[in-house]
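Colleague: Enclosed is the structure file entry_6.tsv (TSV, N, CA and C atoms).
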```
chain	number	residue	atom	x	y	z
B	255	MET	N	332.10	83.35	27.73
B	255	MET	CA	331.39	84.59	27.78
B	255	MET	C	329.92	84.40	27.40
B	256	LEU	N	329.67	83.55	26.43
B	256	LEU	CA	328.29	83.33	26.02
B	256	LEU	C	327.46	82.75	27.16
B	257	ALA	N	328.08	81.84	27.92
B	257	ALA	CA	327.36	81.22	29.03
B	257	ALA	C	326.98	82.27	30.07
B	258	LEU	N	327.90	83.19	30.37
B	258	LEU	CA	327.58	84.22	31.36
B	258	LEU	C	326.48	85.14	30.85
B	259	GLY	N	326.45	85.39	29.57
B	259	GLY	CA	325.36	86.18	28.98
B	259	GLY	C	324.04	85.45	29.11
B	260	ASP	N	324.05	84.14	28.83
B	260	ASP	CA	322.83	83.34	28.97
B	260	ASP	C	322.34	83.30	30.41
B	261	LEU	N	323.29	83.40	31.36
B	261	LEU	CA	322.94	83.37	32.78
B	261	LEU	C	322.57	84.75	33.32
B	262	ASP	N	322.65	85.79	32.47
B	262	ASP	CA	322.42	87.17	32.91
B	262	ASP	C	323.33	87.55	34.07
B	263	ALA	N	324.61	87.17	33.97
B	263	ALA	CA	325.57	87.40	35.06
B	263	ALA	C	325.91	88.88	35.19
B	264	ILE	N	325.86	89.35	36.44
B	264	ILE	CA	326.27	90.70	36.78
B	264	ILE	C	327.13	90.61	38.04
B	265	TYR	N	327.92	91.65	38.28
B	265	TYR	CA	328.71	91.68	39.51
B	265	TYR	C	327.79	91.89	40.69
B	266	ARG	N	327.98	91.08	41.74
B	266	ARG	CA	327.07	91.17	42.86
B	266	ARG	C	327.44	92.23	43.88
B	267	SER	N	328.61	92.85	43.76
B	267	SER	CA	328.98	93.90	44.71
B	267	SER	C	328.09	95.14	44.56
B	268	GLN	N	327.64	95.40	43.34
B	268	GLN	CA	326.76	96.54	43.08
B	268	GLN	C	325.68	96.13	42.08
B	269	PRO	N	324.77	95.26	42.50
B	269	PRO	CA	323.78	94.74	41.54
B	269	PRO	C	322.92	95.82	40.90
B	270	GLU	N	322.73	96.91	41.60
B	270	GLU	CA	321.90	97.98	41.04
B	270	GLU	C	322.53	98.61	39.79
B	271	ARG	N	323.84	98.48	39.64
B	271	ARG	CA	324.53	99.04	38.46
B	271	ARG	C	324.49	98.11	37.26
B	272	GLN	N	324.15	96.83	37.48
B	272	GLN	CA	324.04	95.85	36.39
B	272	GLN	C	325.33	95.73	35.56
B	273	LEU	N	326.50	95.75	36.26
B	273	LEU	CA	327.79	95.63	35.58
B	273	LEU	C	328.01	94.19	35.16
B	274	ARG	N	328.36	93.99	33.91
B	274	ARG	CA	328.57	92.65	33.37
B	274	ARG	C	330.07	92.40	33.15
B	275	PRO	N	330.53	91.19	33.44
B	275	PRO	CA	331.95	90.88	33.23
B	275	PRO	C	332.27	90.82	31.74
B	276	ASP	N	333.51	91.16	31.42
B	276	ASP	CA	333.95	90.97	30.04
B	276	ASP	C	335.17	90.05	30.06
B	277	GLU	N	335.65	89.72	28.89
B	277	GLU	CA	336.74	88.75	28.77
B	277	GLU	C	337.99	89.18	29.52
B	278	SER	N	338.30	90.46	29.52
B	278	SER	CA	339.51	90.92	30.22
B	278	SER	C	339.39	90.69	31.73
B	279	HIS	N	338.20	90.81	32.29
B	279	HIS	CA	338.00	90.53	33.72
B	279	HIS	C	338.22	89.05	34.01
B	280	LEU	N	337.72	88.20	33.13
B	280	LEU	CA	337.74	86.77	33.38
B	280	LEU	C	339.08	86.11	33.10
B	281	SER	N	339.96	86.77	32.37
B	281	SER	CA	341.23	86.15	32.01
B	281	SER	C	342.31	86.35	33.08
B	282	GLY	N	342.05	87.18	34.07
B	282	GLY	CA	343.04	87.45	35.11
B	282	GLY	C	342.95	86.47	36.26
B	283	PRO	N	343.86	86.60	37.22
B	283	PRO	CA	343.92	85.66	38.35
B	283	PRO	C	342.92	85.98	39.46
B	284	GLY	N	342.19	87.08	39.36
B	284	GLY	CA	341.30	87.49	40.44
B	284	GLY	C	340.01	86.69	40.52
B	285	HIS	N	339.22	87.02	41.53
B	285	HIS	CA	337.92	86.40	41.74
B	285	HIS	C	336.85	87.31	41.20
B	286	GLN	N	335.93	86.75	40.45
B	286	GLN	CA	334.81	87.49	39.92
B	286	GLN	C	333.56	86.95	40.62
B	287	LEU	N	332.99	87.76	41.48
B	287	LEU	CA	331.83	87.34	42.28
B	287	LEU	C	330.58	87.87	41.59
B	288	LEU	N	329.86	86.93	40.99
B	288	LEU	CA	328.75	87.29	40.12
B	288	LEU	C	327.42	86.84	40.70
B	289	LEU	N	326.35	87.43	40.18
B	289	LEU	CA	325.00	87.03	40.49
B	289	LEU	C	324.35	86.67	39.17
B	290	THR	N	323.72	85.50	39.10
B	290	THR	CA	323.06	85.06	37.87
B	290	THR	C	321.56	84.88	38.15
B	291	LYS	N	320.82	84.60	37.11
B	291	LYS	CA	319.38	84.37	37.30
B	291	LYS	C	319.12	83.10	38.11
B	292	PHE	N	320.16	82.26	38.29
B	292	PHE	CA	320.03	81.05	39.09
B	292	PHE	C	320.66	81.17	40.47
B	293	GLY	N	321.29	82.30	40.76
B	293	GLY	CA	321.92	82.51	42.05
B	293	GLY	C	323.37	82.92	41.91
B	294	PRO	N	324.11	82.97	43.04
B	294	PRO	CA	325.50	83.43	43.01
B	294	PRO	C	326.41	82.47	42.23
B	295	LEU	N	327.43	83.05	41.61
B	295	LEU	CA	328.44	82.28	40.88
B	295	LEU	C	329.78	82.94	41.13
B	296	ASP	N	330.73	82.16	41.66
B	296	ASP	CA	332.09	82.66	41.86
B	296	ASP	C	332.98	82.11	40.74
B	297	VAL	N	333.59	82.99	39.98
B	297	VAL	CA	334.53	82.60	38.93
B	297	VAL	C	335.91	82.96	39.46
B	298	LEU	N	336.71	81.92	39.69
B	298	LEU	CA	338.01	82.11	40.34
B	298	LEU	C	339.14	81.94	39.34
B	299	GLY	N	339.98	82.95	39.22
B	299	GLY	CA	341.15	82.86	38.35
B	299	GLY	C	342.22	81.98	38.95
B	300	MET	N	342.26	81.92	40.27
B	300	MET	CA	343.20	81.07	41.02
B	300	MET	C	342.52	80.66	42.31
B	301	ILE	N	342.98	79.54	42.87
B	301	ILE	CA	342.52	79.17	44.21
B	301	ILE	C	343.74	78.92	45.07
B	302	GLY	N	343.53	78.95	46.37
B	302	GLY	CA	344.65	78.81	47.27
B	302	GLY	C	345.54	80.03	47.16
B	303	LYS	N	346.81	79.82	47.41
B	303	LYS	CA	347.75	80.94	47.35
B	303	LYS	C	348.07	81.33	45.91
B	304	SER	N	348.15	80.35	45.01
B	304	SER	CA	348.48	80.70	43.62
B	304	SER	C	348.26	79.53	42.66
B	305	ARG	N	347.24	78.74	42.86
B	305	ARG	CA	347.00	77.58	41.99
B	305	ARG	C	346.08	77.98	40.84
B	306	SER	N	346.62	77.90	39.64
B	306	SER	CA	345.85	78.23	38.43
B	306	SER	C	345.18	76.95	37.90
B	307	TRP	N	344.36	77.13	36.89
B	307	TRP	CA	343.72	75.97	36.26
B	307	TRP	C	344.77	75.00	35.73
B	308	GLU	N	345.83	75.51	35.16
B	308	GLU	CA	346.89	74.65	34.65
B	308	GLU	C	347.50	73.81	35.77
B	309	ASP	N	347.65	74.40	36.95
B	309	ASP	CA	348.18	73.66	38.10
B	309	ASP	C	347.21	72.58	38.57
B	310	LEU	N	345.93	72.85	38.43
B	310	LEU	CA	344.90	71.96	38.98
B	310	LEU	C	344.42	70.89	38.00
B	311	ARG	N	344.66	71.09	36.73
B	311	ARG	CA	344.11	70.19	35.71
B	311	ARG	C	344.44	68.72	35.99
B	312	SER	N	345.67	68.43	36.38
B	312	SER	CA	346.06	67.03	36.63
B	312	SER	C	345.48	66.50	37.94
B	313	HIS	N	344.85	67.37	38.72
B	313	HIS	CA	344.23	66.98	39.98
B	313	HIS	C	342.71	67.09	39.89
B	314	SER	N	342.18	66.94	38.68
B	314	SER	CA	340.74	67.08	38.49
B	314	SER	C	340.21	65.93	37.65
B	315	GLY	N	338.90	65.83	37.67
B	315	GLY	CA	338.22	64.82	36.86
B	315	GLY	C	336.89	65.36	36.38
B	316	SER	N	336.30	64.67	35.45
B	316	SER	CA	335.01	65.07	34.90
B	316	SER	C	333.88	64.48	35.73
B	317	LEU	N	332.82	65.26	35.87
B	317	LEU	CA	331.64	64.81	36.61
B	317	LEU	C	330.42	65.27	35.84
B	318	GLU	N	329.55	64.32	35.51
B	318	GLU	CA	328.30	64.68	34.82
B	318	GLU	C	327.27	65.03	35.87
B	319	ILE	N	326.87	66.30	35.92
B	319	ILE	CA	325.94	66.76	36.95
B	319	ILE	C	324.49	66.73	36.47
B	320	ASP	N	324.31	66.58	35.19
B	320	ASP	CA	322.99	66.47	34.58
B	320	ASP	C	323.23	65.85	33.21
B	321	PRO	N	322.25	65.18	32.64
B	321	PRO	CA	322.50	64.59	31.32
B	321	PRO	C	323.05	65.62	30.33
B	322	GLY	N	324.24	65.35	29.83
B	322	GLY	CA	324.89	66.24	28.87
B	322	GLY	C	325.61	67.43	29.47
B	323	VAL	N	325.60	67.56	30.81
B	323	VAL	CA	326.28	68.68	31.47
B	323	VAL	C	327.44	68.10	32.28
B	324	VAL	N	328.65	68.31	31.76
B	324	VAL	CA	329.85	67.77	32.39
B	324	VAL	C	330.70	68.93	32.88
B	325	VAL	N	331.15	68.83	34.13
B	325	VAL	CA	332.02	69.85	34.71
B	325	VAL	C	333.30	69.19	35.19
B	326	GLN	N	334.36	69.98	35.31
B	326	GLN	CA	335.62	69.52	35.88
B	326	GLN	C	335.62	69.88	37.35
B	327	VAL	N	335.99	68.94	38.20
B	327	VAL	CA	336.07	69.19	39.64
B	327	VAL	C	337.43	68.73	40.14
B	328	ILE	N	337.97	69.46	41.12
B	328	ILE	CA	339.25	69.02	41.68
B	328	ILE	C	339.01	67.88	42.65
B	329	ASP	N	340.02	67.03	42.81
B	329	ASP	CA	339.89	65.88	43.70
B	329	ASP	C	339.92	66.33	45.16
B	330	LEU	N	339.44	65.45	46.03
B	330	LEU	CA	339.34	65.78	47.46
B	330	LEU	C	340.70	66.08	48.07
B	331	GLU	N	341.73	65.33	47.69
B	331	GLU	CA	343.06	65.58	48.25
B	331	GLU	C	343.51	67.02	47.99
B	332	THR	N	343.28	67.48	46.77
B	332	THR	CA	343.69	68.83	46.40
B	332	THR	C	342.82	69.88	47.10
B	333	LEU	N	341.53	69.61	47.19
B	333	LEU	CA	340.64	70.54	47.88
B	333	LEU	C	341.04	70.68	49.35
B	334	ILE	N	341.38	69.57	49.98
B	334	ILE	CA	341.84	69.61	51.37
B	334	ILE	C	343.13	70.41	51.48
B	335	ALA	N	344.07	70.17	50.57
B	335	ALA	CA	345.34	70.91	50.60
B	335	ALA	C	345.12	72.41	50.44
B	336	VAL	N	344.22	72.80	49.55
B	336	VAL	CA	343.95	74.22	49.33
B	336	VAL	C	343.34	74.84	50.58
B	337	LYS	N	342.39	74.16	51.20
B	337	LYS	CA	341.75	74.70	52.41
B	337	LYS	C	342.73	74.78	53.57
B	338	GLU	N	343.63	73.80	53.67
B	338	GLU	CA	344.68	73.87	54.70
B	338	GLU	C	345.60	75.06	54.45
B	339	GLU	N	345.96	75.25	53.20
B	339	GLU	CA	346.84	76.34	52.80
B	339	GLU	C	346.22	77.70	53.12
B	340	LEU	N	344.93	77.85	52.87
B	340	LEU	CA	344.26	79.13	53.10
B	340	LEU	C	344.09	79.41	54.58
B	341	GLY	N	343.63	78.41	55.31
B	341	GLY	CA	343.49	78.55	56.75
B	341	GLY	C	342.40	79.50	57.23
B	342	PHE	N	341.51	79.93	56.36
B	342	PHE	CA	340.40	80.77	56.79
B	342	PHE	C	339.47	79.95	57.69
B	343	PRO	N	338.82	80.58	58.66
B	343	PRO	CA	337.95	79.82	59.56
B	343	PRO	C	336.92	78.95	58.86
B	344	LYS	N	336.28	79.46	57.81
B	344	LYS	CA	335.28	78.64	57.11
B	344	LYS	C	335.93	77.45	56.41
B	345	ASP	N	337.16	77.61	55.94
B	345	ASP	CA	337.87	76.50	55.29
B	345	ASP	C	338.31	75.47	56.32
B	346	VAL	N	338.85	75.93	57.45
B	346	VAL	CA	339.28	75.03	58.52
B	346	VAL	C	338.08	74.25	59.06
B	347	ALA	N	336.93	74.91	59.16
B	347	ALA	CA	335.72	74.25	59.68
B	347	ALA	C	335.28	73.09	58.78
B	348	MET	N	335.56	73.18	57.48
B	348	MET	CA	335.16	72.12	56.54
B	348	MET	C	336.14	70.96	56.50
B	349	LEU	N	337.34	71.13	57.01
B	349	LEU	CA	338.37	70.09	56.90
B	349	LEU	C	337.96	68.75	57.49
B	350	PRO	N	337.36	68.67	58.68
B	350	PRO	CA	336.97	67.36	59.19
B	350	PRO	C	335.97	66.64	58.28
B	351	VAL	N	335.04	67.38	57.71
B	351	VAL	CA	334.04	66.78	56.81
B	351	VAL	C	334.73	66.27	55.54
B	352	LEU	N	335.61	67.07	54.97
B	352	LEU	CA	336.31	66.67	53.76
B	352	LEU	C	337.24	65.49	53.99
B	353	ARG	N	337.93	65.49	55.13
B	353	ARG	CA	338.82	64.37	55.45
B	353	ARG	C	338.04	63.08	55.64
B	354	GLN	N	336.86	63.17	56.27
B	354	GLN	CA	336.03	61.98	56.45
B	354	GLN	C	335.51	61.49	55.11
B	355	ALA	N	335.10	62.40	54.25
B	355	ALA	CA	334.63	62.02	52.91
B	355	ALA	C	335.74	61.33	52.14
B	356	LEU	N	336.96	61.85	52.23
B	356	LEU	CA	338.09	61.23	51.55
B	356	LEU	C	338.36	59.83	52.11
B	357	LYS	N	338.33	59.70	53.41
B	357	LYS	CA	338.56	58.40	54.05
B	357	LYS	C	337.53	57.38	53.58
B	358	GLU	N	336.26	57.77	53.53
B	358	GLU	CA	335.19	56.87	53.07
B	358	GLU	C	335.35	56.52	51.60
B	359	TRP	N	335.73	57.49	50.78
B	359	TRP	CA	335.93	57.23	49.36
B	359	TRP	C	337.09	56.25	49.14
B	360	LEU	N	338.19	56.46	49.86
B	360	LEU	CA	339.34	55.56	49.73
B	360	LEU	C	339.00	54.15	50.20
B	361	THR	N	338.21	54.04	51.27
B	361	THR	CA	337.79	52.73	51.78
B	361	THR	C	336.92	52.02	50.74
B	362	ARG	N	335.97	52.72	50.15
B	362	ARG	CA	335.10	52.10	49.12
B	362	ARG	C	335.92	51.69	47.91
B	363	ARG	N	336.90	52.49	47.55
B	363	ARG	CA	337.75	52.17	46.39
B	363	ARG	C	338.57	50.92	46.69
B	364	GLU	N	339.11	50.81	47.89
B	364	GLU	CA	339.89	49.62	48.29
B	364	GLU	C	339.01	48.37	48.32
B	365	ASP	N	337.78	48.50	48.79
B	365	ASP	CA	336.85	47.37	48.85
B	365	ASP	C	336.51	46.84	47.47
B	366	ARG	N	336.55	47.68	46.44
B	366	ARG	CA	336.22	47.26	45.07
B	366	ARG	C	337.37	46.60	44.35
B	367	GLN	N	338.58	46.78	44.86
B	367	GLN	CA	339.75	46.20	44.18
B	367	GLN	C	339.82	44.70	44.49
B	368	PRO	N	340.23	43.91	43.47
B	368	PRO	CA	340.32	42.44	43.68
B	368	PRO	C	341.43	42.06	44.63
```
Is it possible to express this structure as structure tokens?
Modeller:
Amino acid sequence: MLALGDLDAIYRSQPERQLRPDESHLSGPGHQLLLTKFGPLDVLGMIGKSRSWEDLRSHSGSLEIDPGVVVQVIDLETLIAVKEELGFPKDVAMLPVLRQALKEWLTRREDRQP
């Protein structure tokens, strides 16, 4: 909650009302579509049909995006599975790019093994 306050997060559906999320909004399975001083931020309680953070934790890893800023990201295999499961046009359109990225990553990983 403190981070969203620091980001001046408000709901983007009605920005003129300046509605701010509270803990009860963020603890549910829904999507919170926010606008921050740095741009849009989607806070997702679940992804795919019903995958919670607990379901995804074992399919994620840490990534340092800036010195001292570490985020958890889901692996490509899981991201592909979620997009296949959803089947929305924008998700289906990304599948060839994601599959190629996975193929290249697996090839580089195999090349590094003794």
Colleague: Which residues of range 317-363 of chain B have any atom within 7 Å of an atom in range 295-308 of chain B when counting only C-alpha atoms, and what is the closest pair of atoms for each, with the distance in Å to one decimal? Order the rows by chain and rising number and write it as CSV.
Modeller:
```
residue,atom,partner,partner_atom,distance
B:Val336,CA,B:Gly302,CA,5.1
B:Glu339,CA,B:Gly302,CA,6.4
B:Leu340,CA,B:Gly302,CA,5.9
```
Colleague: Determine the nearest neighbour of Ala263 in chain B from the options B:Arg363, B:Lys291, B:Arg311, B:His285, counting only C-alpha atoms.
Modeller: B:Lys291
Colleague: Chain B: which residues are strand (DSSP E) by DSSP, as a PDB file with N, CA and C atoms, keeping the file's coordinate frame?
Modeller:
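result36.pdb was written with the following content:
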```
ATOM      1  N   ILE B 264     325.860  89.350  36.440  1.00  0.00           N
ATOM      2  CA  ILE B 264     326.270  90.700  36.780  1.00  0.00           C
ATOM      3  C   ILE B 264     327.130  90.610  38.040  1.00  0.00           C
ATOM      4  N   TYR B 265     327.920  91.650  38.280  1.00  0.00           N
ATOM      5  CA  TYR B 265     328.710  91.680  39.510  1.00  0.00           C
ATOM      6  C   TYR B 265     327.790  91.890  40.690  1.00  0.00           C
ATOM      7  N   HIS B 285     339.220  87.020  41.530  1.00  0.00           N
ATOM      8  CA  HIS B 285     337.920  86.400  41.740  1.00  0.00           C
ATOM      9  C   HIS B 285     336.850  87.310  41.200  1.00  0.00           C
ATOM     10  N   GLN B 286     335.930  86.750  40.450  1.00  0.00           N
ATOM     11  CA  GLN B 286     334.810  87.490  39.920  1.00  0.00           C
ATOM     12  C   GLN B 286     333.560  86.950  40.620  1.00  0.00           C
ATOM     13  N   LEU B 287     332.990  87.760  41.480  1.00  0.00           N
ATOM     14  CA  LEU B 287     331.830  87.340  42.280  1.00  0.00           C
ATOM     15  C   LEU B 287     330.580  87.870  41.590  1.00  0.00           C
ATOM     16  N   LEU B 288     329.860  86.930  40.990  1.00  0.00           N
ATOM     17  CA  LEU B 288     328.750  87.290  40.120  1.00  0.00           C
ATOM     18  C   LEU B 288     327.420  86.840  40.700  1.00  0.00           C
ATOM     19  N   LEU B 289     326.350  87.430  40.180  1.00  0.00           N
ATOM     20  CA  LEU B 289     325.000  87.030  40.490  1.00  0.00           C
ATOM     21  C   LEU B 289     324.350  86.670  39.170  1.00  0.00           C
ATOM     22  N   THR B 290     323.720  85.500  39.100  1.00  0.00           N
ATOM     23  CA  THR B 290     323.060  85.060  37.870  1.00  0.00           C
ATOM     24  C   THR B 290     321.560  84.880  38.150  1.00  0.00           C
ATOM     25  N   GLY B 293     321.290  82.300  40.760  1.00  0.00           N
ATOM     26  CA  GLY B 293     321.920  82.510  42.050  1.00  0.00           C
ATOM     27  C   GLY B 293     323.370  82.920  41.910  1.00  0.00           C
ATOM     28  N   PRO B 294     324.110  82.970  43.040  1.00  0.00           N
ATOM     29  CA  PRO B 294     325.500  83.430  43.010  1.00  0.00           C
ATOM     30  C   PRO B 294     326.410  82.470  42.230  1.00  0.00           C
ATOM     31  N   LEU B 295     327.430  83.050  41.610  1.00  0.00           N
ATOM     32  CA  LEU B 295     328.440  82.280  40.880  1.00  0.00           C
ATOM     33  C   LEU B 295     329.780  82.940  41.130  1.00  0.00           C
ATOM     34  N   ASP B 296     330.730  82.160  41.660  1.00  0.00           N
ATOM     35  CA  ASP B 296     332.090  82.660  41.860  1.00  0.00           C
ATOM     36  C   ASP B 296     332.980  82.110  40.740  1.00  0.00           C
ATOM     37  N   VAL B 297     333.590  82.990  39.980  1.00  0.00           N
ATOM     38  CA  VAL B 297     334.530  82.600  38.930  1.00  0.00           C
ATOM     39  C   VAL B 297     335.910  82.960  39.460  1.00  0.00           C
ATOM     40  N   LEU B 298     336.710  81.920  39.690  1.00  0.00           N
ATOM     41  CA  LEU B 298     338.010  82.110  40.340  1.00  0.00           C
ATOM     42  C   LEU B 298     339.140  81.940  39.340  1.00  0.00           C
ATOM     43  N   SER B 314     342.180  66.940  38.680  1.00  0.00           N
ATOM     44  CA  SER B 314     340.740  67.080  38.490  1.00  0.00           C
ATOM     45  C   SER B 314     340.210  65.930  37.650  1.00  0.00           C
ATOM     46  N   GLY B 315     338.900  65.830  37.670  1.00  0.00           N
ATOM     47  CA  GLY B 315     338.220  64.820  36.860  1.00  0.00           C
ATOM     48  C   GLY B 315     336.890  65.360  36.380  1.00  0.00           C
ATOM     49  N   SER B 316     336.300  64.670  35.450  1.00  0.00           N
ATOM     50  CA  SER B 316     335.010  65.070  34.900  1.00  0.00           C
ATOM     51  C   SER B 316     333.880  64.480  35.730  1.00  0.00           C
ATOM     52  N   LEU B 317     332.820  65.260  35.870  1.00  0.00           N
ATOM     53  CA  LEU B 317     331.640  64.810  36.610  1.00  0.00           C
ATOM     54  C   LEU B 317     330.420  65.270  35.840  1.00  0.00           C
ATOM     55  N   GLU B 318     329.550  64.320  35.510  1.00  0.00           N
ATOM     56  CA  GLU B 318     328.300  64.680  34.820  1.00  0.00           C
ATOM     57  C   GLU B 318     327.270  65.030  35.870  1.00  0.00           C
ATOM     58  N   ILE B 319     326.870  66.300  35.920  1.00  0.00           N
ATOM     59  CA  ILE B 319     325.940  66.760  36.950  1.00  0.00           C
ATOM     60  C   ILE B 319     324.490  66.730  36.470  1.00  0.00           C
ATOM     61  N   ASP B 320     324.310  66.580  35.190  1.00  0.00           N
ATOM     62  CA  ASP B 320     322.990  66.470  34.580  1.00  0.00           C
ATOM     63  C   ASP B 320     323.230  65.850  33.210  1.00  0.00           C
ATOM     64  N   VAL B 323     325.600  67.560  30.810  1.00  0.00           N
ATOM     65  CA  VAL B 323     326.280  68.680  31.470  1.00  0.00           C
ATOM     66  C   VAL B 323     327.440  68.100  32.280  1.00  0.00           C
ATOM     67  N   VAL B 324     328.650  68.310  31.760  1.00  0.00           N
ATOM     68  CA  VAL B 324     329.850  67.770  32.390  1.00  0.00           C
ATOM     69  C   VAL B 324     330.700  68.930  32.880  1.00  0.00           C
ATOM     70  N   VAL B 325     331.150  68.830  34.130  1.00  0.00           N
ATOM     71  CA  VAL B 325     332.020  69.850  34.710  1.00  0.00           C
ATOM     72  C   VAL B 325     333.300  69.190  35.190  1.00  0.00           C
ATOM     73  N   GLN B 326     334.360  69.980  35.310  1.00  0.00           N
ATOM     74  CA  GLN B 326     335.620  69.520  35.880  1.00  0.00           C
ATOM     75  C   GLN B 326     335.620  69.880  37.350  1.00  0.00           C
ATOM     76  N   VAL B 327     335.990  68.940  38.200  1.00  0.00           N
ATOM     77  CA  VAL B 327     336.070  69.190  39.640  1.00  0.00           C
ATOM     78  C   VAL B 327     337.430  68.730  40.140  1.00  0.00           C
ATOM     79  N   ILE B 328     337.970  69.460  41.120  1.00  0.00           N
ATOM     80  CA  ILE B 328     339.250  69.020  41.680  1.00  0.00           C
ATOM     81  C   ILE B 328     339.010  67.880  42.650  1.00  0.00           C
TER      82      ILE B 328
END
```
Colleague: Is it possible to get the axis-aligned box enclosing range 268-274 of chain B (all listed atoms, 3 Å extra per side) as JSON, with centre and edge lengths in Å rounded to one decimal?
Modeller:
```
{"center_x": 326.0, "center_y": 95.7, "center_z": 38.2, "size_x": 14.2, "size_y": 12.6, "size_z": 16.2}
```
Colleague: For CA of Ile328 in chain B and atom N of Leu349 in chain B, quote the distance in Å rounded to one decimal.
Modeller: 15.6 Å
Colleague: Could you tell me how far CA of Glu270 in chain B sits from atom C of Leu256 in chain B, in Å to one decimal place?
Modeller: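 Distance between the two atoms: 21.3 Å.
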Colleague: Could you jot down the atom N of Arg274 in chain B to atom C of Leu287 in chain B separation for me, Å, one decimal place?
Modeller: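 Here the two named atoms are 10.1 Å from each other.
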Colleague: Using only C-alpha atoms, which of B:Arg271, B:His313, B:Arg266, B:Lys357 sits nearest Leu288 in chain B?
Modeller: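 Of B:Arg271, B:His313, B:Arg266, B:Lys357, the one nearest Leu288 in chain B is B:Arg266, counting only C-alpha atoms.
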Colleague: Near Leu352 in chain B, counting all atoms listed in the file, which residues have an atom at most 8 Å away, once you skip same-chain residues fewer than 3 positions from it, shown as a list in words?
Modeller: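 The residues that qualify are Leu330, Glu331, Leu333, Ile334, Ala347, Met348, Leu349, Ala355, Leu356, Lys357 and Glu358 of chain B.
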Colleague: Could you list, as an MDAnalysis selection string, every residue within 6 Å of Val325 in chain B, counting only N, CA and C atoms and ignoring same-chain residues fewer than 5 positions away?
Modeller: chainID B and resid 315:319
